[in-house]
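See below for my_file-v7.json, which holds JSON, C-alpha atoms and all ligand atoms.
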[["chain", "number", "residue", "atom", "x", "y", "z"],
["A", 1, "MET", "CA", 84.78, 116.87, 86.54],
["A", 2, "GLU", "CA", 85.28, 116.30, 90.23],
["A", 3, "ILE", "CA", 86.86, 113.20, 91.77],
["A", 4, "LEU", "CA", 86.06, 112.19, 95.34],
["A", 5, "LEU", "CA", 88.62, 109.75, 96.69],
["A", 6, "ALA", "CA", 87.51, 107.50, 99.56],
["A", 7, "LYS", "CA", 89.66, 107.90, 102.70],
["A", 8, "THR", "CA", 89.55, 104.15, 103.24],
["A", 9, "ALA", "CA", 90.74, 103.23, 99.72],
["A", 10, "GLY", "CA", 93.69, 100.83, 99.59],
["A", 11, "PHE", "CA", 95.63, 98.50, 101.86],
["A", 12, "CYS", "CA", 94.09, 97.64, 105.21],
["A", 13, "MET", "CA", 96.27, 97.03, 108.27],
["A", 14, "GLY", "CA", 96.41, 93.24, 107.76],
["A", 15, "VAL", "CA", 97.38, 93.42, 104.10],
["A", 16, "SER", "CA", 99.94, 96.14, 104.59],
["A", 17, "ARG", "CA", 101.55, 94.12, 107.41],
["A", 18, "ALA", "CA", 101.67, 90.97, 105.27],
["A", 19, "VAL", "CA", 103.14, 92.79, 102.24],
["A", 20, "GLU", "CA", 105.78, 94.47, 104.40],
["A", 21, "LEU", "CA", 106.75, 91.13, 105.96],
["A", 22, "ALA", "CA", 107.00, 89.59, 102.49],
["A", 23, "LEU", "CA", 109.12, 92.41, 101.06],
["A", 24, "ASN", "CA", 111.50, 92.14, 104.01],
["A", 25, "LEU", "CA", 111.96, 88.36, 103.76],
["A", 26, "PRO", "CA", 115.12, 88.46, 101.59],
["A", 27, "ARG", "CA", 116.80, 90.82, 104.10],
["A", 28, "ARG", "CA", 115.97, 88.77, 107.18],
["A", 29, "PHE", "CA", 115.81, 85.10, 106.23],
["A", 30, "HIS", "CA", 117.29, 82.38, 104.06],
["A", 31, "GLY", "CA", 115.67, 81.67, 100.70],
["A", 32, "PRO", "CA", 114.11, 80.36, 98.64],
["A", 33, "PHE", "CA", 111.02, 82.39, 99.59],
["A", 34, "TYR", "CA", 107.43, 81.35, 99.27],
["A", 35, "THR", "CA", 103.95, 82.31, 100.27],
["A", 36, "TYR", "CA", 101.34, 79.63, 100.81],
["A", 37, "GLY", "CA", 98.81, 80.64, 98.16],
["A", 38, "PRO", "CA", 98.88, 84.13, 96.63],
["A", 39, "LEU", "CA", 99.76, 86.65, 99.36],
["A", 40, "ILE", "CA", 96.87, 88.95, 98.46],
["A", 41, "HIS", "CA", 94.21, 89.10, 95.77],
["A", 42, "ASN", "CA", 96.02, 91.59, 93.59],
["A", 43, "PRO", "CA", 97.88, 90.38, 90.46],
["A", 44, "GLN", "CA", 100.05, 93.53, 90.21],
["A", 45, "VAL", "CA", 101.43, 93.10, 93.75],
["A", 46, "LEU", "CA", 101.95, 89.38, 93.09],
["A", 47, "SER", "CA", 104.06, 90.20, 89.99],
["A", 48, "LEU", "CA", 106.17, 92.55, 92.10],
["A", 49, "LEU", "CA", 106.76, 89.80, 94.66],
["A", 50, "GLU", "CA", 107.70, 87.35, 91.88],
["A", 51, "GLU", "CA", 110.27, 89.87, 90.64],
["A", 52, "LYS", "CA", 111.76, 89.89, 94.13],
["A", 53, "GLY", "CA", 111.99, 86.09, 94.13],
["A", 54, "ILE", "CA", 108.95, 85.41, 96.32],
["A", 55, "SER", "CA", 106.62, 82.92, 94.70],
["A", 56, "ALA", "CA", 103.36, 81.35, 95.74],
["A", 57, "ILE", "CA", 102.94, 77.60, 96.20],
["A", 58, "GLU", "CA", 99.47, 76.06, 96.11],
["A", 59, "GLU", "CA", 100.26, 72.51, 97.26],
["A", 60, "ILE", "CA", 102.28, 71.46, 100.30],
["A", 61, "PRO", "CA", 105.24, 69.41, 99.07],
["A", 62, "GLU", "CA", 106.59, 66.42, 100.96],
["A", 63, "HIS", "CA", 109.92, 68.21, 101.48],
["A", 64, "GLY", "CA", 110.31, 71.96, 101.54],
["A", 65, "GLU", "CA", 113.19, 74.33, 102.14],
["A", 66, "GLY", "CA", 113.61, 78.03, 102.68],
["A", 67, "THR", "CA", 111.16, 80.48, 104.23],
["A", 68, "LEU", "CA", 107.43, 80.42, 103.74],
["A", 69, "LEU", "CA", 104.96, 83.15, 104.69],
["A", 70, "ILE", "CA", 101.36, 82.42, 105.63],
["A", 71, "ARG", "CA", 99.13, 85.14, 104.21],
["A", 72, "ALA", "CA", 96.82, 87.54, 106.06],
["A", 73, "HIS", "CA", 93.82, 85.26, 105.43],
["A", 74, "GLY", "CA", 95.34, 82.54, 107.62],
["A", 75, "VAL", "CA", 95.28, 78.77, 107.08],
["A", 76, "PRO", "CA", 93.75, 75.76, 108.84],
["A", 77, "PRO", "CA", 96.00, 74.71, 111.77],
["A", 78, "GLN", "CA", 96.50, 71.32, 110.08],
["A", 79, "ALA", "CA", 98.01, 73.04, 107.01],
["A", 80, "LYS", "CA", 100.41, 75.09, 109.14],
["A", 81, "ALA", "CA", 101.58, 71.91, 110.91],
["A", 82, "ARG", "CA", 102.11, 70.17, 107.55],
["A", 83, "LEU", "CA", 104.14, 73.11, 106.22],
["A", 84, "GLU", "CA", 106.38, 72.96, 109.29],
["A", 85, "ARG", "CA", 106.74, 69.18, 109.02],
["A", 86, "ALA", "CA", 107.74, 69.57, 105.35],
["A", 87, "GLY", "CA", 110.75, 71.55, 106.55],
["A", 88, "PHE", "CA", 109.86, 75.19, 105.77],
["A", 89, "ASN", "CA", 110.78, 77.99, 108.12],
["A", 90, "VAL", "CA", 107.16, 79.12, 108.53],
["A", 91, "LEU", "CA", 106.34, 82.77, 109.29],
["A", 92, "ASP", "CA", 102.76, 83.62, 110.02],
["A", 93, "ALA", "CA", 101.28, 86.87, 108.64],
["A", 94, "THR", "CA", 97.70, 85.98, 109.56],
["A", 95, "CYS", "CA", 95.89, 89.24, 110.32],
["A", 96, "PRO", "CA", 95.24, 89.68, 114.07],
["A", 97, "ARG", "CA", 91.55, 90.24, 113.25],
["A", 98, "VAL", "CA", 91.36, 86.90, 111.51],
["A", 99, "ILE", "CA", 93.18, 85.28, 114.45],
["A", 100, "LYS", "CA", 90.42, 86.67, 116.69],
["A", 101, "VAL", "CA", 87.78, 84.78, 114.68],
["A", 102, "GLN", "CA", 89.90, 81.62, 114.63],
["A", 103, "THR", "CA", 90.17, 81.84, 118.43],
["A", 104, "ILE", "CA", 86.40, 82.29, 118.91],
["A", 105, "ILE", "CA", 85.75, 79.24, 116.75],
["A", 106, "SER", "CA", 88.35, 76.98, 118.32],
["A", 107, "HIS", "CA", 87.30, 77.97, 121.87],
["A", 108, "HIS", "CA", 83.63, 77.16, 121.18],
["A", 109, "SER", "CA", 84.20, 74.06, 119.10],
["A", 110, "ARG", "CA", 86.17, 72.56, 122.02],
["A", 111, "GLN", "CA", 83.03, 73.07, 124.10],
["A", 112, "GLY", "CA", 80.85, 71.25, 121.57],
["A", 113, "TYR", "CA", 79.37, 74.24, 119.71],
["A", 114, "ALA", "CA", 78.69, 73.95, 115.98],
["A", 115, "SER", "CA", 80.28, 76.80, 114.01],
["A", 116, "ILE", "CA", 78.21, 78.53, 111.35],
["A", 117, "ILE", "CA", 80.48, 80.66, 109.20],
["A", 118, "ILE", "CA", 78.83, 83.29, 107.02],
["A", 119, "GLY", "CA", 81.19, 83.61, 104.10],
["A", 120, "ASP", "CA", 82.37, 82.50, 100.69],
["A", 121, "ARG", "CA", 82.99, 78.75, 100.80],
["A", 122, "ASN", "CA", 86.08, 78.91, 98.56],
["A", 123, "HIS", "CA", 87.71, 81.94, 100.16],
["A", 124, "PRO", "CA", 91.04, 81.09, 101.85],
["A", 125, "GLU", "CA", 90.05, 82.86, 105.07],
["A", 126, "VAL", "CA", 86.89, 80.73, 105.31],
["A", 127, "ILE", "CA", 88.80, 77.54, 104.51],
["A", 128, "GLY", "CA", 91.20, 78.48, 107.32],
["A", 129, "LEU", "CA", 88.35, 79.17, 109.76],
["A", 130, "GLN", "CA", 86.75, 75.82, 108.98],
["A", 131, "GLY", "CA", 89.97, 74.12, 110.04],
["A", 132, "PHE", "CA", 89.52, 75.56, 113.55],
["A", 133, "ALA", "CA", 85.97, 74.22, 113.83],
["A", 134, "GLY", "CA", 86.79, 70.61, 112.97],
["A", 135, "GLU", "CA", 83.89, 68.40, 111.83],
["A", 136, "ASN", "CA", 81.25, 70.74, 113.13],
["A", 137, "ALA", "CA", 81.63, 73.62, 110.65],
["A", 138, "TYR", "CA", 78.96, 74.90, 108.28],
["A", 139, "VAL", "CA", 79.63, 77.60, 105.69],
["A", 140, "VAL", "CA", 76.67, 79.47, 104.22],
["A", 141, "ASP", "CA", 76.33, 82.61, 102.14],
["A", 142, "ASN", "CA", 72.55, 83.03, 102.02],
["A", 143, "ILE", "CA", 69.53, 82.81, 104.31],
["A", 144, "LYS", "CA", 67.99, 79.89, 102.39],
["A", 145, "ASP", "CA", 71.00, 77.63, 103.03],
["A", 146, "LEU", "CA", 71.07, 78.86, 106.61],
["A", 147, "SER", "CA", 67.42, 77.82, 107.08],
["A", 148, "ASN", "CA", 68.22, 74.36, 105.70],
["A", 149, "LEU", "CA", 70.90, 73.65, 108.31],
["A", 150, "PRO", "CA", 70.07, 71.16, 111.08],
["A", 151, "VAL", "CA", 68.95, 72.64, 114.39],
["A", 152, "PHE", "CA", 71.89, 72.63, 116.79],
["A", 153, "ARG", "CA", 71.74, 72.31, 120.56],
["A", 154, "SER", "CA", 74.45, 74.96, 120.69],
["A", 155, "ALA", "CA", 76.00, 76.92, 117.85],
["A", 156, "ILE", "CA", 77.92, 80.09, 117.14],
["A", 157, "ILE", "CA", 77.52, 82.32, 114.10],
["A", 158, "VAL", "CA", 80.56, 84.24, 112.87],
["A", 159, "ALA", "CA", 81.24, 86.20, 109.69],
["A", 160, "GLN", "CA", 84.15, 86.18, 107.29],
["A", 161, "THR", "CA", 85.94, 89.42, 108.17],
["A", 162, "THR", "CA", 85.09, 91.04, 104.83],
["A", 163, "GLN", "CA", 81.41, 90.11, 104.63],
["A", 164, "ASN", "CA", 78.78, 92.64, 103.61],
["A", 165, "THR", "CA", 77.70, 94.32, 106.86],
["A", 166, "LEU", "CA", 74.05, 94.73, 105.73],
["A", 167, "PHE", "CA", 73.82, 91.07, 104.83],
["A", 168, "PHE", "CA", 75.24, 90.04, 108.21],
["A", 169, "GLU", "CA", 72.67, 92.29, 109.92],
["A", 170, "SER", "CA", 69.93, 90.32, 108.17],
["A", 171, "ILE", "CA", 71.54, 87.06, 109.32],
["A", 172, "LYS", "CA", 71.61, 88.36, 112.90],
["A", 173, "SER", "CA", 67.90, 89.27, 112.81],
["A", 174, "TRP", "CA", 67.07, 85.86, 111.33],
["A", 175, "ALA", "CA", 69.01, 84.02, 114.04],
["A", 176, "GLU", "CA", 67.60, 86.15, 116.85],
["A", 177, "GLU", "CA", 64.08, 85.36, 115.66],
["A", 178, "TYR", "CA", 64.39, 81.62, 115.02],
["A", 179, "PHE", "CA", 67.34, 80.46, 117.12],
["A", 180, "PRO", "CA", 67.80, 82.88, 120.01],
["A", 181, "HIS", "CA", 70.03, 80.36, 121.81],
["A", 182, "TYR", "CA", 72.73, 80.63, 119.11],
["A", 183, "LYS", "CA", 75.64, 82.90, 120.01],
["A", 184, "ILE", "CA", 76.34, 85.55, 117.37],
["A", 185, "PHE", "CA", 79.74, 87.19, 116.99],
["A", 186, "ASP", "CA", 79.97, 90.17, 114.68],
["A", 187, "THR", "CA", 83.43, 89.43, 113.33],
["A", 188, "ILE", "CA", 83.37, 91.73, 110.31],
["A", 189, "CYS", "CA", 86.55, 93.72, 110.68],
["A", 190, "ASP", "CA", 86.17, 97.44, 111.37],
["A", 191, "SER", "CA", 88.32, 98.28, 108.36],
["A", 192, "THR", "CA", 85.79, 96.46, 106.14],
["A", 193, "ALA", "CA", 82.83, 98.03, 107.91],
["A", 194, "LYS", "CA", 84.26, 101.57, 107.51],
["A", 195, "ARG", "CA", 85.16, 100.98, 103.86],
["A", 196, "GLN", "CA", 81.65, 99.73, 103.09],
["A", 197, "GLU", "CA", 79.97, 102.57, 104.97],
["A", 198, "GLU", "CA", 82.13, 105.10, 103.16],
["A", 199, "VAL", "CA", 81.40, 103.71, 99.68],
["A", 200, "LYS", "CA", 77.70, 103.78, 100.51],
["A", 201, "GLN", "CA", 77.87, 107.47, 101.39],
["A", 202, "LEU", "CA", 80.22, 108.22, 98.52],
["A", 203, "ALA", "CA", 77.87, 106.60, 96.01],
["A", 204, "CYS", "CA", 75.04, 108.84, 97.21],
["A", 205, "SER", "CA", 77.04, 112.01, 96.53],
["A", 206, "VAL", "CA", 78.50, 111.17, 93.09],
["A", 207, "ASP", "CA", 77.21, 110.17, 89.64],
["A", 208, "ALA", "CA", 79.33, 107.03, 89.30],
["A", 209, "VAL", "CA", 81.85, 105.04, 91.34],
["A", 210, "VAL", "CA", 85.13, 103.51, 90.19],
["A", 211, "VAL", "CA", 86.21, 100.59, 92.40],
["A", 212, "VAL", "CA", 89.80, 99.43, 92.02],
["A", 213, "GLY", "CA", 91.03, 95.99, 92.99],
["A", 214, "GLY", "CA", 91.68, 92.40, 91.93],
["A", 215, "TYR", "CA", 88.80, 90.72, 90.11],
["A", 216, "ASN", "CA", 89.16, 87.81, 92.52],
["A", 217, "SER", "CA", 89.10, 90.07, 95.58],
["A", 218, "GLY", "CA", 85.86, 89.45, 97.47],
["A", 219, "ASN", "CA", 85.99, 92.68, 99.48],
["A", 220, "THR", "CA", 86.50, 94.72, 96.27],
["A", 221, "LYS", "CA", 83.57, 93.02, 94.55],
["A", 222, "ARG", "CA", 81.40, 93.84, 97.56],
["A", 223, "LEU", "CA", 82.31, 97.55, 97.34],
["A", 224, "ALA", "CA", 81.06, 97.66, 93.74],
["A", 225, "GLU", "CA", 77.95, 95.74, 94.80],
["A", 226, "ILE", "CA", 77.21, 98.27, 97.58],
["A", 227, "ALA", "CA", 77.67, 101.23, 95.21],
["A", 228, "ARG", "CA", 75.22, 99.65, 92.75],
["A", 229, "GLN", "CA", 72.75, 99.02, 95.58],
["A", 230, "GLN", "CA", 72.65, 102.82, 95.96],
["A", 231, "GLY", "CA", 71.48, 103.01, 92.34],
["A", 232, "LYS", "CA", 74.77, 104.32, 90.93],
["A", 233, "PRO", "CA", 76.83, 102.82, 88.11],
["A", 234, "ALA", "CA", 79.97, 101.18, 89.52],
["A", 235, "PHE", "CA", 83.00, 100.20, 87.46],
["A", 236, "HIS", "CA", 85.20, 97.51, 88.99],
["A", 237, "ILE", "CA", 88.63, 97.67, 87.37],
["A", 238, "GLU", "CA", 92.06, 96.25, 88.19],
["A", 239, "THR", "CA", 94.30, 98.70, 86.37],
["A", 240, "GLU", "CA", 94.23, 101.97, 84.46],
["A", 241, "ASN", "CA", 94.02, 100.05, 81.14],
["A", 242, "GLU", "CA", 90.48, 98.96, 81.88],
["A", 243, "LEU", "CA", 89.16, 102.48, 82.53],
["A", 244, "ASP", "CA", 86.50, 103.38, 79.98],
["A", 245, "LEU", "CA", 87.31, 107.09, 79.77],
["A", 246, "ASN", "CA", 84.66, 107.69, 77.10],
["A", 247, "GLU", "CA", 81.95, 106.41, 79.39],
["A", 248, "LEU", "CA", 83.33, 108.28, 82.40],
["A", 249, "LYS", "CA", 83.31, 111.57, 80.47],
["A", 250, "SER", "CA", 79.54, 111.72, 80.80],
["A", 251, "PHE", "CA", 79.69, 111.98, 84.62],
["A", 252, "ARG", "CA", 80.19, 115.20, 86.54],
["A", 253, "ARG", "CA", 81.30, 113.72, 89.89],
["A", 254, "ILE", "CA", 83.11, 110.43, 90.21],
["A", 255, "GLY", "CA", 83.80, 108.55, 93.43],
["A", 256, "LEU", "CA", 87.00, 106.52, 93.62],
["A", 257, "THR", "CA", 87.56, 103.72, 96.11],
["A", 258, "ALA", "CA", 89.63, 100.54, 96.29],
["A", 259, "GLY", "CA", 89.69, 97.16, 97.97],
["A", 260, "ALA", "CA", 91.86, 96.21, 100.94],
["A", 261, "SER", "CA", 94.51, 94.61, 98.70],
["A", 262, "THR", "CA", 94.92, 97.46, 96.21],
["A", 263, "PRO", "CA", 98.28, 99.27, 96.45],
["A", 264, "ASN", "CA", 98.38, 103.07, 96.52],
["A", 265, "TRP", "CA", 100.43, 103.33, 93.36],
["A", 266, "ILE", "CA", 97.57, 101.81, 91.30],
["A", 267, "ILE", "CA", 94.98, 104.09, 92.93],
["A", 268, "LYS", "CA", 97.17, 107.12, 92.07],
["A", 269, "GLU", "CA", 97.58, 106.02, 88.44],
["A", 270, "ILE", "CA", 93.85, 105.66, 88.06],
["A", 271, "ARG", "CA", 93.17, 108.97, 89.72],
["A", 272, "ARG", "CA", 95.60, 110.67, 87.32],
["A", 273, "ALA", "CA", 93.93, 109.00, 84.33],
["A", 274, "ILE", "CA", 90.47, 110.19, 85.41],
["A", 275, "GLU", "CA", 91.85, 113.68, 86.13],
["A", 276, "SER", "CA", 93.15, 113.80, 82.57],
["A", 277, "LEU", "CA", 89.53, 114.00, 81.46],
["B", 301, "LIG", "S1", 90.27, 93.23, 105.88],
["B", 301, "LIG", "FE1", 90.44, 93.34, 108.11],
["B", 301, "LIG", "S2", 90.66, 91.22, 108.73],
["B", 301, "LIG", "FE2", 91.09, 91.24, 106.55],
["B", 301, "LIG", "S3", 93.31, 91.49, 106.45],
["B", 301, "LIG", "FE3", 92.43, 93.55, 106.38],
["B", 301, "LIG", "S4", 92.45, 94.27, 108.53],
["B", 301, "LIG", "FE4", 92.70, 92.05, 108.53]]
Could you render the structure from this file as structure tokens?
Amino acid sequence: MEILLAKTAGFCMGVSRAVELALNLPRRFHGPFYTYGPLIHNPQVLSLLEEKGISAIEEIPEHGEGTLLIRAHGVPPQAKARLERAGFNVLDATCPRVIKVQTIISHHSRQGYASIIIGDRNHPEVIGLQGFAGENAYVVDNIKDLSNLPVFRSAIIVAQTTQNTLFFESIKSWAEEYFPHYKIFDTICDSTAKRQEEVKQLACSVDAVVVVGGYNSGNTKRLAEIARQQGKPAFHIETENELDLNELKSFRRIGLTAGASTPNWIIKEIRRAIESL
């Protein structure tokens, strides 16, 4: 059996920066240490952070103490202000590529543009982006909902940084045809675009694809989705324990890739387990 490992598998720049900042907190700042929401969508990394005394809070308390890290997905500006007012020493690990989208939205919303965000309504990055658009934000994840939106005098269309590139292409064509006066910003991050392109090509040259990453990680789910769109079986797993080695035995060539929040050590473990076949 041959294993083809994707070059883009594993931490992207934004996640690796956020994890490094988190791991260095105890050396550089006063505790207790928190992240606002889980730092990344990977339960194994979150357990490691817990062991190091860095825990996630979901609600903003009235009074806070210690150091709090904002994750790579970013937060609405109102939430950051509340965290500071509560008394936390707030450090911001928002990925620079997410900041770019936040800036586009806030710049245009100040000029009266409506912001149409193509993304997953409940994803923290999208919730953060909405905060920069104020009242005039609309989140959609399919063309039907997009068609049902009111017609705006002026609007921008942006994408969650980890959206499916093919889907966003279809959104762009739709908008160009029906609302050519809308401004479209292709804000899918290049790390996502490369990862998706690679899994597409990988899927075409193997018999099956194993995709490693948190079950709640949107970008990981999309990798499995893209592999299946190429007509290949794709197995989305979080850890080695979920590998179905019996099923994998029947394939001659296996592609291995991972989401942007999957640490290298897990990818290596899974590679070793498949190699054992
Ligand atoms: S996927 Fe892209 S935008 Fe999101 S954290 Fe990683 S580098 Fe930043």
Quiz prompt | Residue neighbourhood Ala175 (chain A), 10 Å, all atoms listed in the file, exclusion window fewer than 3 positions, as a PyMOL selection string | solution = chain A and resi 143+146-147+157+169-172+178-184
Mind running chain A against ligand LIG 301 (chain B) at 12 Å and telling me each contacting residue's nearest atom pair with the distance in Å (one decimal), counting all atoms listed in the file, chain and number ascending, as JSON lines?
{"residue": "A:Thr8", "atom": "CA", "partner": "B:LIG301", "partner_atom": "S1", "distance": 11.3}
{"residue": "A:Ala9", "atom": "CA", "partner": "B:LIG301", "partner_atom": "S1", "distance": 11.8}
{"residue": "A:Gly10", "atom": "CA", "partner": "B:LIG301", "partner_atom": "FE3", "distance": 10.0}
{"residue": "A:Phe11", "atom": "CA", "partner": "B:LIG301", "partner_atom": "FE3", "distance": 7.4}
{"residue": "A:Cys12", "atom": "CA", "partner": "B:LIG301", "partner_atom": "FE3", "distance": 4.6}
{"residue": "A:Met13", "atom": "CA", "partner": "B:LIG301", "partner_atom": "S4", "distance": 4.7}
{"residue": "A:Gly14", "atom": "CA", "partner": "B:LIG301", "partner_atom": "S3", "distance": 3.8}
{"residue": "A:Val15", "atom": "CA", "partner": "B:LIG301", "partner_atom": "S3", "distance": 5.1}
{"residue": "A:Ser16", "atom": "CA", "partner": "B:LIG301", "partner_atom": "FE3", "distance": 8.1}
{"residue": "A:Arg17", "atom": "CA", "partner": "B:LIG301", "partner_atom": "S3", "distance": 8.7}
{"residue": "A:Ala18", "atom": "CA", "partner": "B:LIG301", "partner_atom": "S3", "distance": 8.5}
{"residue": "A:Val19", "atom": "CA", "partner": "B:LIG301", "partner_atom": "S3", "distance": 10.8}
{"residue": "A:Leu39", "atom": "CA", "partner": "B:LIG301", "partner_atom": "S3", "distance": 10.7}
{"residue": "A:Ile40", "atom": "CA", "partner": "B:LIG301", "partner_atom": "S3", "distance": 9.1}
{"residue": "A:His41", "atom": "CA", "partner": "B:LIG301", "partner_atom": "S3", "distance": 11.0}
{"residue": "A:Arg71", "atom": "CA", "partner": "B:LIG301", "partner_atom": "S3", "distance": 8.9}
{"residue": "A:Ala72", "atom": "CA", "partner": "B:LIG301", "partner_atom": "S3", "distance": 5.3}
{"residue": "A:His73", "atom": "CA", "partner": "B:LIG301", "partner_atom": "S3", "distance": 6.3}
{"residue": "A:Gly74", "atom": "CA", "partner": "B:LIG301", "partner_atom": "S3", "distance": 9.3}
{"residue": "A:Ala93", "atom": "CA", "partner": "B:LIG301", "partner_atom": "S3", "distance": 9.5}
{"residue": "A:Thr94", "atom": "CA", "partner": "B:LIG301", "partner_atom": "S3", "distance": 7.7}
{"residue": "A:Cys95", "atom": "CA", "partner": "B:LIG301", "partner_atom": "FE4", "distance": 4.6}
{"residue": "A:Pro96", "atom": "CA", "partner": "B:LIG301", "partner_atom": "FE4", "distance": 6.5}
{"residue": "A:Arg97", "atom": "CA", "partner": "B:LIG301", "partner_atom": "S2", "distance": 4.7}
{"residue": "A:Val98", "atom": "CA", "partner": "B:LIG301", "partner_atom": "S2", "distance": 5.2}
{"residue": "A:Ile99", "atom": "CA", "partner": "B:LIG301", "partner_atom": "S2", "distance": 8.6}
{"residue": "A:Lys100", "atom": "CA", "partner": "B:LIG301", "partner_atom": "S2", "distance": 9.2}
{"residue": "A:Val101", "atom": "CA", "partner": "B:LIG301", "partner_atom": "S2", "distance": 9.2}
{"residue": "A:Gln102", "atom": "CA", "partner": "B:LIG301", "partner_atom": "S2", "distance": 11.3}
{"residue": "A:His123", "atom": "CA", "partner": "B:LIG301", "partner_atom": "FE2", "distance": 11.8}
{"residue": "A:Pro124", "atom": "CA", "partner": "B:LIG301", "partner_atom": "FE2", "distance": 11.2}
{"residue": "A:Glu125", "atom": "CA", "partner": "B:LIG301", "partner_atom": "FE2", "distance": 8.6}
{"residue": "A:Val126", "atom": "CA", "partner": "B:LIG301", "partner_atom": "FE2", "distance": 11.4}
{"residue": "A:Ala159", "atom": "CA", "partner": "B:LIG301", "partner_atom": "S2", "distance": 10.7}
{"residue": "A:Gln160", "atom": "CA", "partner": "B:LIG301", "partner_atom": "S2", "distance": 8.4}
{"residue": "A:Thr161", "atom": "CA", "partner": "B:LIG301", "partner_atom": "S2", "distance": 5.1}
{"residue": "A:Thr162", "atom": "CA", "partner": "B:LIG301", "partner_atom": "S1", "distance": 5.7}
{"residue": "A:Gln163", "atom": "CA", "partner": "B:LIG301", "partner_atom": "S1", "distance": 9.5}
{"residue": "A:Asn164", "atom": "CA", "partner": "B:LIG301", "partner_atom": "S1", "distance": 11.7}
{"residue": "A:Thr187", "atom": "CA", "partner": "B:LIG301", "partner_atom": "S2", "distance": 8.8}
{"residue": "A:Ile188", "atom": "CA", "partner": "B:LIG301", "partner_atom": "S2", "distance": 7.5}
{"residue": "A:Cys189", "atom": "CA", "partner": "B:LIG301", "partner_atom": "FE1", "distance": 4.7}
{"residue": "A:Asp190", "atom": "CA", "partner": "B:LIG301", "partner_atom": "FE1", "distance": 6.8}
{"residue": "A:Ser191", "atom": "CA", "partner": "B:LIG301", "partner_atom": "FE1", "distance": 5.4}
{"residue": "A:Thr192", "atom": "CA", "partner": "B:LIG301", "partner_atom": "S1", "distance": 5.5}
{"residue": "A:Ala193", "atom": "CA", "partner": "B:LIG301", "partner_atom": "FE1", "distance": 8.9}
{"residue": "A:Lys194", "atom": "CA", "partner": "B:LIG301", "partner_atom": "FE1", "distance": 10.3}
{"residue": "A:Arg195", "atom": "CA", "partner": "B:LIG301", "partner_atom": "S1", "distance": 9.5}
{"residue": "A:Gln196", "atom": "CA", "partner": "B:LIG301", "partner_atom": "S1", "distance": 11.2}
{"residue": "A:Ser217", "atom": "CA", "partner": "B:LIG301", "partner_atom": "S1", "distance": 10.8}
{"residue": "A:Gly218", "atom": "CA", "partner": "B:LIG301", "partner_atom": "S1", "distance": 10.2}
{"residue": "A:Asn219", "atom": "CA", "partner": "B:LIG301", "partner_atom": "S1", "distance": 7.7}
{"residue": "A:Thr220", "atom": "CA", "partner": "B:LIG301", "partner_atom": "S1", "distance": 10.4}
{"residue": "A:Gly259", "atom": "CA", "partner": "B:LIG301", "partner_atom": "S1", "distance": 8.9}
{"residue": "A:Ala260", "atom": "CA", "partner": "B:LIG301", "partner_atom": "S1", "distance": 6.0}
{"residue": "A:Ser261", "atom": "CA", "partner": "B:LIG301", "partner_atom": "FE3", "distance": 8.0}
{"residue": "A:Thr262", "atom": "CA", "partner": "B:LIG301", "partner_atom": "FE3", "distance": 11.2}
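With distances restricted to only C-alpha atoms, A:Val199 is the closest residue to Leu223 (chain A) from A:Cys204, A:Asn122, A:Val199, A:Ser47.
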Self-check item: Residue nearest Lys249 (chain A) among A:Ser276, A:Asn216, A:Ser55, A:Asn264 (counting all atoms listed in the file)
Solution: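 Smallest distance to Lys249 (chain A) is found for A:Ser276.
Using all atoms listed in the file for every distance, the candidate list A:Ser115, A:Thr257, A:Gln230, A:Asn148 yields A:Gln230 as the residue closest to Asp207 (chain A).
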Quiz item: Taking into account all atoms listed in the file, which residue in the set A:Ala56, A:Ile156, A:Ala137, A:Ile267 is nearest to Ala22 (chain A)?
Solution: A:Ala56
Practice problem: Please provide the set of residues having any atom within 9 Å of region 273-275 of chain A, restricted to only C-alpha atoms, with same-chain residues fewer than 4 positions apart removed, written as a count of residues only. | Solution: 11
Quiz item: region 200-203 of chain A: which residues within 8 Å, counting all atoms listed in the file, same-chain residues fewer than 2 positions away excluded, as a list in words?
Solution: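 Skipping anything fewer than 2 positions along the chain leaves Leu4, Ala6, Gln196, Glu197, Glu198, Ser205, Val206, Asp207, Ala208, Val209, Ile226, Ala227, Gln230, Lys232 and Gly255 of chain A.
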Quiz item: What does the distance between CA of Val90 (chain A) and CA of Pro38 (chain A) come to in Å, to one decimal place?
Solution: 15.3 Å
Quiz prompt | Interatomic distance (Å, one decimal) between CA of His63 (chain A) and CA of Ala86 (chain A) | solution =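 A separation of 4.6 Å between them.
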Find the smallest box with edges along x, y and z containing every listed atom of region 200-214 of chain A, then add 3 Å on each side and report centre and edge lengths in Å to one decimal, as AutoDock Vina command-line options.
--center_x 83.4 --center_y 102.2 --center_z 95.3 --size_x 22.6 --size_y 25.6 --size_z 18.1
Practice problem: Give the answer as one residue: which of A:Asp120, A:Glu238, A:Asp244, A:Glu50 has the shortest atom-to-atom distance to Gly214 (chain A), using only C-alpha atoms? | Solution: A:Glu238
Self-check item: Straight-line distance linking CA of Glu242 (chain A) with CA of Leu48 (chain A), stated in Å to one decimal
Solution: 19.8 Å
Self-check item: Residue nearest Pro76 (chain A) among A:Ser106, A:Ile127, A:Phe88, A:Ala114 (counting all atoms listed in the file)
Solution: A:Ile127
